Amino acid sequence: MGFVILGIETSCDETGVALYHSEQGLLGHALYSQVDLHAKYGGVVPELAARDHVRKLIPLIKTLFSEHHLKTVDGVAYTAGPGLIGALLVGAAVGRSLAWGWQVPAIGVHHMEGHLLASMLEEPTPTFPFLALLVSGGHTQLVNVAAVGKYTVLGESVDDAAGEAFDKTAKLLGLGYPGGPAIARLAKQGNPDAFHFPRPMTRQPGLNFSFSGLKTFVLTTWKAQEQNEQTRADVARAFEDAVIDTLAIKCRRALQETGLKSLVIAGGVGANQRLRTRLTELGNKMKVAVYYPHPIFCTDNGAMIAYAGALRFAAKQFEPLAFEARPRWSMNDL
């Protein structure tokens with residue numbers, strides 16, 4: 001028979017819901033993006049994000065249940081952290097309330113664990129152990145994944161995450177939000193030889209990242225040039241090259257240090273096509289299998305939370321009535 005889990009994701013500016021069956025796989029999912037709401041501010045406004053989750057979450061769940069002719073589920077999984085505290089509380093409160101009303105278990109899921117396991121939603125799936133590069137707007141991490149729930153963070157950003165640097169750089173260049181897709185589009189028109197930006201923290205040992213200084217380098221370069229469209233494209237290309245090279249260098253170093261033969265890419269920046277190409281080339285050279293989620297599962301979504309929740313449900317790891325949302329939450333604590 002199996003069991004069905006409802007997944008709820010509200011950690012930032014995407015309202016995502018999904019239904020996952022333990023035997024049939026992903027039954028369906030729905031996603032509402034707040035990009036248009038936040039675009040005029042050049043970034044996510046936490047209070048507006050939380051309010052919009054309140055408006056959109058229940059209607060999305062009702063629609064999903066109607067499409068699949070369901071009235072209840074066997075468990076409810078929700079993102080418990082990390083993320084924006086107001087946004088997290090919306091999903092946690094709704095998820096825990098539905099679980100209480102249906103008298104089924106509730107499961108609090110770590111947002112980054114959801115991203116880390118998103119590649120499991122499709123074939124072929126990676127096998128444990130593997131190295132994961134989690135690269136999104138709020139996080140840039142390299143994680144040694146021994147098994148579900150057994151994670152060791154090998155390195156992470158000490159300041160801006162890669163996705164955050166994309167957003168801030170796009171704003172400096174007068175581009176739209178979100179910054180990743182805007183810079184990727186513009187970089188295609190850029191001359192790769194026009195500028196060379198530093199690859200931060202690659203000349204020193206270790207696996208940590210830093211992108212704040214790179215953003216500052218973009219600003220000083222842009223201000224020193226004739227600010228026309230070609231220069232804007234050239235700067236975008238140099239910035240994208242620097243980020244991709246940095247991520248690839250750190251992945252190569254982590255693979256060499258751990259000896260792992262599988263690399264999983266997860267998070268919103270993982271949808272960048274030039275990054276995918278570069279890491280695929282790296283995998284071919286090192287004889288390492290490289291896995292990517294479908295682009296729709298790179299950004300925040302309910303499917304990854306439903307899947308991670310199903311694994312936690314099977315292990316009987318449930319939440320008490322006094323639920324908790326955690327804006328900061330290290331994967332080492334799982």
# chains A, B, ... in the order shown; residues from 1 in each chain; ligands from 1
>>> closest_atom_pairs(of="stretch 126-228 of chain A", to="stretch 279-290 of chain A", cutoff="10 Å", atoms="only C-alpha atoms", output="CSV")
residue,atom,partner,partner_atom,distance
A:Pro126,CA,A:Ala289,CA,8.3
A:Phe130,CA,A:Ala289,CA,9.5
A:Leu131,CA,A:Val290,CA,9.6
A:Ala132,CA,A:Val290,CA,9.7
>>> residues_around(residues="A:Lys71", least_positions_apart="2", cutoff="12 Å", atoms="only C-alpha atoms", output="list in words")
Val4, Leu6, Ile61, Lys62, Thr63, Leu64, Phe65, Ser66, Glu67, His68, His69, Val73, Asp74, Leu98, Gly101 and Trp102 of chain A
>>> write_last_selection(atoms="C-alpha atoms", output="compact mmCIF listing (two decimals), in the first residue's frame")
# COMPACT_ATOMS: atom_id res chain seq x y z
CA VAL A 4 1.55 9.50 1.14
CA LEU A 6 2.30 16.21 1.91
CA ILE A 61 -2.88 22.60 -1.05
CA LYS A 62 -6.62 22.50 -1.83
CA THR A 63 -5.95 22.50 -5.57
CA LEU A 64 -3.37 19.72 -5.30
CA PHE A 65 -5.67 17.55 -3.19
CA SER A 66 -8.55 18.12 -5.59
CA GLU A 67 -6.44 17.14 -8.59
CA HIS A 68 -5.46 13.86 -6.92
CA HIS A 69 -8.82 13.19 -5.24
CA VAL A 73 -2.48 11.99 3.89
CA ASP A 74 -0.37 9.78 6.14
CA LEU A 98 -3.11 20.04 9.28
CA GLY A 101 -6.48 17.98 12.39
CA TRP A 102 -5.91 14.80 10.40
>>> select_by_dssp(residues="stretch 67-119 of chain A", states="alpha helix (DSSP H)", output="count of residues only")
26
>>> residues_around(residues="A:Ser210", least_positions_apart="6", cutoff="8 Å", atoms="only C-alpha atoms", output="list of chain:residue names")
A:Ser157, A:Val158, A:Asp159, A:Asp160, A:Ala161, A:Pro200, A:Met201
>>> residues_around(residues="stretch 216-226 of chain A", least_positions_apart="3", cutoff="8 Å", atoms="only C-alpha atoms", output="PDB file with C-alpha atoms, in the first residue's frame")
ATOM      1  CA  THR A 169      25.882  41.971  -8.663  1.00  0.00           C
ATOM      2  CA  LEU A 172      24.864  46.840  -9.146  1.00  0.00           C
ATOM      3  CA  LEU A 173      24.651  46.438 -12.926  1.00  0.00           C
ATOM      4  CA  PHE A 197      38.142  38.818 -11.816  1.00  0.00           C
ATOM      5  CA  SER A 212      31.577  39.322  -0.867  1.00  0.00           C
ATOM      6  CA  GLY A 213      34.920  40.639  -2.132  1.00  0.00           C
ATOM      7  CA  THR A 231      30.759  46.782 -20.827  1.00  0.00           C
ATOM      8  CA  ARG A 232      27.824  45.607 -18.724  1.00  0.00           C
ATOM      9  CA  VAL A 235      31.447  42.535 -16.505  1.00  0.00           C
ATOM     10  CA  PHE A 239      31.716  37.717 -12.775  1.00  0.00           C
TER      11      PHE A 239
END
>>> closest_residue(among="A:Leu260, A:Cys298, A:Leu57, A:Ala99", to="A:Val145", atoms="only C-alpha atoms")
A:Leu260
>>> select_by_dssp(residues="stretch 104-252 of chain A", states="strand (DSSP E)", output="PyMOL selection string")
chain A and resi 106-110+130-135+140-147+150-156
>>> residues_around(residues="A:Arg274", least_positions_apart="5", cutoff="12 Å", atoms="only C-alpha atoms", output="list in words")
Gly180, Pro181, Ile183, Ala184, Arg185, Ala187, Lys188, Arg237, Glu240, Asp241, Ala242, Val243, Ile244, Asp245, Leu247, Ala248, Val269, Leu279, Thr280 and Glu281 of chain A
>>> residues_around(residues="stretch 307-314 of chain A", least_positions_apart="6", cutoff="10 Å", atoms="only C-alpha atoms", output="VMD selection string")
chain A and resid 3 to 8 18 to 22 25 to 26 74 to 79 105 to 111 113 to 118 120 to 121 148 to 149
>>> closest_residue(among="A:Gln227, A:Thr10, A:Gln34, A:Asn301", to="A:Gly174", atoms="only C-alpha atoms")
A:Gln227
>>> residues_around(residues="A:Asn208", least_positions_apart="6", cutoff="9 Å", atoms="only C-alpha atoms", output="list in words")
Thr140, Gln141, Leu142, Leu154, Gly155, Glu156, Ser157, Val158, Met201 and Lys250 of chain A
>>> write_last_selection(atoms="C-alpha atoms", output="PDB file, in the first residue's frame")
ATOM      1  CA  THR A 140      27.061  27.653  -0.554  1.00  0.00           C
ATOM      2  CA  GLN A 141      28.284  24.418   0.992  1.00  0.00           C
ATOM      3  CA  LEU A 142      30.268  21.291   0.189  1.00  0.00           C
ATOM      4  CA  LEU A 154      33.349  20.216   4.524  1.00  0.00           C
ATOM      5  CA  GLY A 155      33.215  23.883   3.585  1.00  0.00           C
ATOM      6  CA  GLU A 156      30.786  26.776   3.337  1.00  0.00           C
ATOM      7  CA  SER A 157      30.578  30.468   2.543  1.00  0.00           C
ATOM      8  CA  VAL A 158      32.025  32.750   5.207  1.00  0.00           C
ATOM      9  CA  MET A 201      39.923  31.734  -1.512  1.00  0.00           C
ATOM     10  CA  LYS A 250      36.622  23.785  -4.733  1.00  0.00           C
TER      11      LYS A 250
END
>>> atom_distance(atom1="atom CA of A:Gly206", atom2="atom CA of A:Glu257")
10.1 Å
>>> closest_residue(among="A:Gly81, A:Gly302, A:Gly190, A:Gly179", to="A:Glu229", atoms="only C-alpha atoms")
A:Gly190
>>> closest_residue(among="A:Lys168, A:Arg253, A:Arg96, A:Arg55", to="A:Leu321", atoms="only C-alpha atoms")
A:Arg96
